[in-house]
$ cat query.cif   # mmCIF, C-alpha atoms and all ligand atoms
data_final
#
loop_
_atom_site.label_atom_id
_atom_site.label_comp_id
_atom_site.auth_asym_id
_atom_site.auth_seq_id
_atom_site.Cartn_x
_atom_site.Cartn_y
_atom_site.Cartn_z
CA MET G 1 -0.82 1.09 -15.31
CA GLY G 2 -1.94 -2.02 -13.42
CA GLU G 3 -0.32 -3.31 -10.22
CA TYR G 4 1.47 -6.13 -12.03
CA ASP G 5 3.16 -3.79 -14.53
CA ARG G 6 3.97 -1.32 -11.78
CA TRP G 7 5.79 -3.98 -9.76
CA GLU G 8 7.52 -5.49 -12.76
CA GLY G 9 8.76 -2.00 -13.62
CA ARG G 10 10.03 -1.33 -10.09
CA TYR G 11 11.80 -4.68 -9.88
CA ALA G 12 13.52 -4.17 -13.23
CA ALA G 13 16.09 -2.07 -11.32
CA PRO G 14 19.32 -4.07 -10.88
CA GLU G 15 19.50 -3.40 -7.14
CA TYR G 16 17.28 -5.02 -4.48
CA ILE G 17 14.74 -2.25 -3.96
CA PHE G 18 13.91 -3.39 -0.39
CA GLY G 19 17.47 -4.51 0.30
CA ARG G 20 18.91 -8.00 0.72
CA ALA G 21 18.80 -8.10 4.53
CA PRO G 22 15.62 -9.37 6.18
CA ASN G 23 13.05 -6.86 7.36
CA TYR G 24 14.10 -5.75 10.87
CA PHE G 25 10.80 -6.80 12.44
CA ILE G 26 10.77 -10.33 11.09
CA ALA G 27 14.40 -10.70 12.19
CA SER G 28 13.37 -9.58 15.68
CA CYS G 29 10.92 -12.54 15.78
CA LYS G 30 13.76 -15.09 15.60
CA ALA G 31 13.23 -16.36 19.15
CA LEU G 32 9.53 -17.03 18.40
CA LEU G 33 10.19 -19.36 15.47
CA PRO G 34 9.95 -23.13 15.81
CA ALA G 35 13.23 -24.98 15.34
CA SER G 36 11.84 -26.74 12.26
CA GLY G 37 8.70 -26.86 10.17
CA LYS G 38 7.25 -25.06 7.18
CA ALA G 39 6.97 -21.33 6.50
CA LEU G 40 5.03 -19.29 3.95
CA ALA G 41 6.30 -15.85 2.92
CA VAL G 42 3.34 -13.95 1.42
CA ALA G 43 4.09 -11.45 -1.39
CA ASP G 44 7.76 -12.01 -0.67
CA GLY G 45 9.10 -9.94 -3.57
CA GLU G 46 12.87 -10.18 -3.94
CA GLY G 47 13.00 -12.81 -1.23
CA ARG G 48 14.80 -11.10 1.64
CA ASN G 49 12.35 -12.50 4.22
CA GLY G 50 11.79 -15.91 2.63
CA VAL G 51 15.56 -16.43 2.41
CA TRP G 52 15.94 -15.49 6.06
CA LEU G 53 13.13 -17.87 7.13
CA SER G 54 14.80 -20.66 5.20
CA LEU G 55 18.14 -19.91 6.87
CA GLN G 56 16.37 -20.31 10.25
CA GLY G 57 15.79 -23.97 9.37
CA LEU G 58 12.24 -23.67 8.03
CA GLU G 59 11.15 -25.27 4.78
CA THR G 60 9.97 -22.08 3.12
CA LEU G 61 7.71 -21.24 0.18
CA SER G 62 7.99 -17.71 -1.20
CA ILE G 63 4.98 -16.51 -3.18
CA ASP G 64 4.64 -13.32 -5.22
CA PHE G 65 3.13 -12.41 -8.59
CA SER G 66 6.26 -10.78 -10.00
CA PRO G 67 8.52 -13.09 -12.06
CA THR G 68 11.23 -10.41 -12.08
CA ALA G 69 11.21 -10.26 -8.27
CA GLN G 70 11.31 -14.05 -8.03
CA LYS G 71 14.35 -14.23 -10.31
CA LYS G 72 16.13 -11.84 -7.98
CA ALA G 73 14.89 -13.86 -4.97
CA ALA G 74 16.26 -17.08 -6.46
CA ALA G 75 19.65 -15.39 -6.98
CA LEU G 76 19.62 -14.11 -3.39
CA ALA G 77 18.78 -17.61 -2.14
CA GLN G 78 21.64 -19.14 -4.10
CA GLU G 79 24.14 -16.53 -2.92
CA SER G 80 22.96 -16.96 0.68
CA GLY G 81 23.08 -20.75 0.63
CA ALA G 82 19.34 -20.93 1.30
CA THR G 83 17.02 -23.54 -0.19
CA LEU G 84 13.46 -22.38 -0.63
CA GLY G 85 10.59 -22.92 -2.99
CA PHE G 86 9.03 -20.28 -5.20
CA GLU G 87 5.59 -20.05 -6.68
CA LEU G 88 4.23 -17.29 -8.88
CA ALA G 89 0.89 -16.50 -7.30
CA ASP G 90 -1.69 -13.80 -6.90
CA VAL G 91 -2.08 -13.72 -3.12
CA HIS G 92 -5.75 -12.75 -3.40
CA THR G 93 -6.70 -15.89 -5.34
CA TRP G 94 -3.97 -18.45 -4.49
CA PRO G 95 -5.46 -21.73 -3.20
CA TYR G 96 -3.95 -21.54 0.29
CA PRO G 97 -3.66 -25.13 1.52
CA ALA G 98 -5.32 -25.90 4.86
CA GLU G 99 -3.23 -26.39 8.02
CA ALA G 100 0.01 -26.56 6.05
CA TYR G 101 2.40 -24.03 7.64
CA ASP G 102 3.98 -23.50 11.06
CA VAL G 103 4.80 -19.88 10.26
CA VAL G 104 3.13 -17.40 7.89
CA ALA G 105 4.79 -14.02 7.34
CA GLU G 106 3.13 -11.02 5.70
CA ILE G 107 5.53 -8.10 5.53
CA PHE G 108 4.40 -4.90 3.76
CA THR G 109 1.66 -6.25 1.53
CA GLN G 110 -0.79 -3.36 1.70
CA PHE G 111 -1.58 -3.36 -1.99
CA SER G 112 -4.85 -5.12 -1.01
CA ASP G 113 -8.13 -3.22 -0.73
CA PRO G 114 -10.45 -4.38 2.10
CA GLN G 115 -12.16 -7.02 -0.05
CA GLN G 116 -8.86 -8.38 -1.34
CA ARG G 117 -7.43 -8.29 2.17
CA ARG G 118 -10.38 -10.42 3.32
CA ALA G 119 -9.49 -13.09 0.74
CA LYS G 120 -5.76 -12.92 1.56
CA TRP G 121 -6.20 -13.05 5.33
CA ASP G 122 -8.78 -15.86 5.10
CA GLY G 123 -6.24 -17.79 3.04
CA MET G 124 -3.39 -17.08 5.45
CA LYS G 125 -5.52 -18.13 8.43
CA ARG G 126 -6.45 -21.36 6.68
CA ALA G 127 -2.85 -22.08 5.69
CA LEU G 128 -1.51 -21.87 9.25
CA LYS G 129 -1.57 -25.00 11.37
CA SER G 130 -3.27 -24.74 14.71
CA GLY G 131 -0.51 -23.45 17.02
CA GLY G 132 1.26 -21.81 14.08
CA LEU G 133 2.81 -18.33 14.25
CA LEU G 134 1.56 -15.38 12.21
CA ILE G 135 3.92 -12.42 11.69
CA ILE G 136 2.66 -9.19 10.12
CA GLN G 137 4.24 -5.81 9.60
CA GLY G 138 2.46 -2.97 7.83
CA TYR G 139 2.04 0.77 7.83
CA THR G 140 -0.49 2.66 9.95
CA PRO G 141 -2.59 5.63 8.75
CA LYS G 142 0.06 7.96 10.23
CA GLN G 143 2.35 6.83 7.38
CA LEU G 144 0.29 9.01 5.01
CA ASP G 145 1.99 12.01 6.67
CA TYR G 146 5.47 10.59 6.14
CA ALA G 147 5.04 9.29 2.55
CA THR G 148 8.23 7.27 2.76
CA GLY G 149 6.72 4.09 1.32
CA GLY G 150 3.48 2.14 1.28
CA PRO G 151 0.04 2.78 -0.21
CA LYS G 152 -1.78 6.09 -0.40
CA GLN G 153 -5.23 4.62 0.35
CA LEU G 154 -6.34 4.93 3.96
CA ASP G 155 -8.35 1.70 3.89
CA HIS G 156 -5.26 -0.32 2.90
CA LEU G 157 -3.46 0.61 6.11
CA TYR G 158 -3.51 -1.36 9.37
CA THR G 159 -4.63 -0.22 12.79
CA ARG G 160 -4.49 -1.89 16.18
CA GLU G 161 -8.29 -2.21 16.12
CA LEU G 162 -8.31 -3.85 12.70
CA LEU G 163 -5.71 -6.47 13.68
CA ALA G 164 -7.16 -7.10 17.15
CA THR G 165 -10.63 -7.63 15.71
CA GLU G 166 -9.48 -9.71 12.78
CA PHE G 167 -7.43 -12.07 14.93
CA ALA G 168 -9.59 -12.02 18.07
CA GLY G 169 -9.06 -15.21 20.05
CA TRP G 170 -5.54 -15.86 18.75
CA ARG G 171 -2.99 -16.77 21.43
CA ASP G 172 -0.46 -14.33 22.92
CA MET G 173 -1.34 -11.57 20.48
CA ARG G 174 1.22 -8.78 20.51
CA ILE G 175 0.60 -5.56 18.60
CA VAL G 176 3.16 -2.77 18.71
CA GLU G 177 2.94 0.52 16.85
CA GLU G 178 6.16 2.40 16.32
CA GLU G 179 7.54 5.38 14.46
CA LEU G 180 11.12 5.07 13.37
CA GLU G 181 13.71 5.84 10.72
CA MET G 182 13.58 2.93 8.32
CA HIS G 183 16.19 2.13 5.71
CA GLU G 184 15.19 -0.99 3.82
CA GLY G 185 16.55 -0.34 0.36
CA ALA G 186 15.59 2.75 -1.62
CA ALA G 187 11.87 1.88 -1.57
CA HIS G 188 11.36 2.14 2.21
CA SER G 189 13.52 4.95 3.44
CA GLY G 190 12.96 7.62 6.07
CA LYS G 191 10.67 8.27 9.02
CA SER G 192 7.93 5.64 9.01
CA ALA G 193 4.85 4.68 11.04
CA VAL G 194 4.45 0.92 11.27
CA ILE G 195 2.51 -1.69 13.19
CA ASN G 196 3.99 -5.03 14.21
CA PHE G 197 1.87 -8.08 14.93
CA THR G 198 2.54 -11.60 16.20
CA ALA G 199 0.06 -14.20 17.40
CA TRP G 200 -0.46 -17.96 17.37
CA LYS G 201 -3.45 -19.58 15.70
CA PRO G 202 -5.69 -21.19 18.30
C1 LIG A 301 6.04 -3.64 -0.72
S1 LIG A 301 6.51 -5.10 -1.60
C2 LIG A 301 7.05 -6.11 -0.25
C3 LIG A 301 7.85 -7.30 -0.67
C4 LIG A 301 8.35 -8.15 0.50
N1 LIG A 301 7.27 -8.61 1.34
C5 LIG A 301 9.37 -7.43 1.33
O1 LIG A 301 9.06 -7.04 2.47
O2 LIG A 301 10.49 -7.24 0.83
C6 LIG A 301 4.94 -5.78 -2.07
C7 LIG A 301 5.04 -7.05 -2.91
O3 LIG A 301 3.74 -7.49 -3.24
C8 LIG A 301 3.75 -8.05 -4.54
N2 LIG A 301 2.35 -8.05 -4.99
C9 LIG A 301 1.54 -6.99 -5.22
N3 LIG A 301 0.30 -7.41 -5.53
C10 LIG A 301 0.33 -8.78 -5.48
C11 LIG A 301 -0.63 -9.78 -5.69
N4 LIG A 301 -1.91 -9.48 -5.99
N5 LIG A 301 -0.26 -11.07 -5.56
C12 LIG A 301 1.02 -11.38 -5.25
N6 LIG A 301 1.98 -10.48 -5.03
C13 LIG A 301 1.64 -9.17 -5.14
C14 LIG A 301 4.70 -7.20 -5.33
O4 LIG A 301 5.22 -7.87 -6.44
C15 LIG A 301 5.76 -6.91 -4.23
O5 LIG A 301 6.75 -7.89 -4.29
#
$ encode --input "query.cif" --output "structure tokens" --more "lines below"
Ligand SMILES: C[S@@+](CC[C@H](N)C(=O)[O-])C[C@H]1O[C@@H](n2cnc3c(N)ncnc32)[C@H](O)[C@@H]1O
Amino acid sequence: MGEYDRWEGRYAAPEYIFGRAPNYFIASCKALLPASGKALAVADGEGRNGVWLSLQGLETLSIDFSPTAQKKAAALAQESGATLGFELADVHTWPYPAEAYDVVAEIFTQFSDPQQRRAKWDGMKRALKSGGLLIIQGYTPKQLDYATGGPKQLDHLYTRELLATEFAGWRDMRIVEEELEMHEGAAHSGKSAVINFTAWKP
């Protein structure tokens, strides 16, 4: 089964498989956000993070390739009183506009192999304005021991070295690895090993 069918199948469940509340790490970045501007939520799924960004006063675009997830995201937005845009997009090939966003958020999108990640990260870098904030959360290789969510392929996972090298020269880079009990819907549940990243595009 391909990735698209796999995600469409998972999202066919009536519940929000990652929950309706924003990811705890993105919520912890509240104080870093600009008071206004534009945000891009990459592979935003059922919209929990895009909705939250929009409720922080940012004009937000939520992109994902799953129409079923985006229907659920639109319902969540309406119920939350959030106004955000949606676009069905493959994040490896989407034409990321240059210097368009003040905030780009990439939360748990480790479906990308290294070559796909190159295309996605190049696009995200291009899409951020100079001075814009990048927020990333992903799993580290240690997550393979926990198996409580995320990919099984080692080269899809993020390390401090990978992020530090990839975003070398970005301002005020902060990288924190943590192991914690995570409960974000049924799909991310239990002891988890994650890495949290924030930095501003130079
Ligand atoms: C682990 S989920 C995370 C969703 C969301 N970021 C969150 O934290 O709730 C990964 C998401 O990536 C989407 N996805 C997978 N491959 C994709 C691709 N090539 N282009 C766009 N979206 C993709 C899936 O539909 C799914 O919504």
$ residues_near_ligand --input "query.cif" --ligand "ligand LIG 301 (chain A)" --cutoff "8 Å" --atoms "only C-alpha atoms and all ligand atoms" --output "ChimeraX atom specification"
/G:3-4,7-8,18-19,22-23,41-49,63-66,69,88-92,106-112,150
$ closest_residue --input "query.cif" --among "G:Asp172, G:Thr198, G:Thr60, G:Asp113" --to "Lys152 (chain G)" --atoms "only C-alpha atoms"
G:Asp113
$ closest_residue --input "query.cif" --among "G:Ala168, G:Ala147, G:Leu40, G:Ala21" --to "Ser54 (chain G)" --atoms "all atoms listed in the file"
G:Leu40
$ closest_residue --input "query.cif" --among "G:Arg118, G:His183, G:Arg10, G:Lys129" --to "Ala39 (chain G)" --atoms "only C-alpha atoms"
G:Lys129
$ closest_residue --input "query.cif" --among "G:Gly149, G:Gly50, G:Gly185, G:Gly169" --to "Ala27 (chain G)" --atoms "all atoms listed in the file"
G:Gly50
$ residues_near_point --input "query.cif" --point "(3.8, -2.8, 10.1)" --cutoff "9 Å" --atoms "all atoms listed in the file" --output "PyMOL selection string"
chain G and resi 25+107-108+136-140+157-158+176-178+193-197
$ write_last_selection --input "query.cif" --atoms "C-alpha atoms" --output "compact mmCIF listing (two decimals), in the coordinates of the input"
# COMPACT_ATOMS: atom_id res chain seq x y z
CA PHE G 25 10.80 -6.80 12.44
CA ILE G 107 5.53 -8.10 5.53
CA PHE G 108 4.40 -4.90 3.76
CA ILE G 136 2.66 -9.19 10.12
CA GLN G 137 4.24 -5.81 9.60
CA GLY G 138 2.46 -2.97 7.83
CA TYR G 139 2.04 0.77 7.83
CA THR G 140 -0.49 2.66 9.95
CA LEU G 157 -3.46 0.61 6.11
CA TYR G 158 -3.51 -1.36 9.37
CA VAL G 176 3.16 -2.77 18.71
CA GLU G 177 2.94 0.52 16.85
CA GLU G 178 6.16 2.40 16.32
CA ALA G 193 4.85 4.68 11.04
CA VAL G 194 4.45 0.92 11.27
CA ILE G 195 2.51 -1.69 13.19
CA ASN G 196 3.99 -5.03 14.21
CA PHE G 197 1.87 -8.08 14.93
$ closest_residue --input "query.cif" --among "G:Leu84, G:Pro151, G:Leu134, G:Ala98" --to "Gln70 (chain G)" --atoms "only C-alpha atoms"
G:Leu84
$ decode --input "query.cif" --residues "region 122-181 of chain G" --atoms "C-alpha atoms" --output "short mmCIF file (atom, residue, chain, number, x, y, z; two decimals), in the first residue's frame"
data_model
loop_
_atom_site.label_atom_id
_atom_site.label_comp_id
_atom_site.auth_asym_id
_atom_site.auth_seq_id
_atom_site.Cartn_x
_atom_site.Cartn_y
_atom_site.Cartn_z
CA ASP G 122 14.78 23.42 0.73
CA GLY G 123 11.17 24.45 0.13
CA MET G 124 10.56 25.34 3.77
CA LYS G 125 13.76 27.40 3.91
CA ARG G 126 12.75 29.26 0.76
CA ALA G 127 9.22 29.88 2.03
CA LEU G 128 10.36 31.56 5.26
CA LYS G 129 11.00 35.29 5.21
CA SER G 130 14.37 36.43 6.42
CA GLY G 131 13.89 36.76 10.20
CA GLY G 132 11.11 34.15 10.13
CA LEU G 133 10.75 31.41 12.74
CA LEU G 134 11.12 27.70 11.96
CA ILE G 135 9.61 25.19 14.40
CA ILE G 136 10.33 21.47 14.03
CA GLN G 137 9.51 18.48 16.18
CA GLY G 138 10.43 14.94 15.20
CA TYR G 139 11.54 11.63 16.60
CA THR G 140 15.17 10.66 17.23
CA PRO G 141 16.71 7.24 16.48
CA LYS G 142 16.03 6.26 20.11
CA GLN G 143 12.32 6.18 19.19
CA LEU G 144 12.96 2.89 17.35
CA ASP G 145 13.27 1.28 20.81
CA TYR G 146 9.95 2.72 21.99
CA ALA G 147 7.87 2.09 18.83
CA THR G 148 5.11 4.36 20.04
CA GLY G 149 4.74 6.25 16.76
CA GLY G 150 6.81 7.51 13.86
CA PRO G 151 8.72 5.81 11.05
CA LYS G 152 10.71 2.59 11.27
CA GLN G 153 13.52 3.79 8.96
CA LEU G 154 16.60 5.09 10.74
CA ASP G 155 17.42 7.61 8.02
CA HIS G 156 14.02 9.30 8.39
CA LEU G 157 14.73 10.25 12.00
CA TYR G 158 16.31 13.50 13.20
CA THR G 159 19.46 13.99 15.22
CA ARG G 160 21.02 17.07 16.76
CA GLU G 161 23.86 16.83 14.22
CA LEU G 162 21.49 16.64 11.27
CA LEU G 163 19.51 19.71 12.35
CA ALA G 164 22.57 21.72 13.42
CA THR G 165 24.28 21.05 10.10
CA GLU G 166 21.20 21.62 7.99
CA PHE G 167 20.40 24.97 9.61
CA ALA G 168 23.95 26.14 10.33
CA GLY G 169 24.06 29.92 10.52
CA TRP G 170 20.42 30.32 11.58
CA ARG G 171 19.86 32.71 14.48
CA ASP G 172 19.30 31.62 18.10
CA MET G 173 19.11 27.95 17.20
CA ARG G 174 17.74 25.86 20.04
CA ILE G 175 17.76 22.07 19.85
CA VAL G 176 16.43 20.02 22.76
CA GLU G 177 16.19 16.24 22.87
CA GLU G 178 13.77 14.76 25.36
CA GLU G 179 12.22 11.47 26.34
CA LEU G 180 8.74 11.68 27.72
CA GLU G 181 5.31 10.09 27.95
#
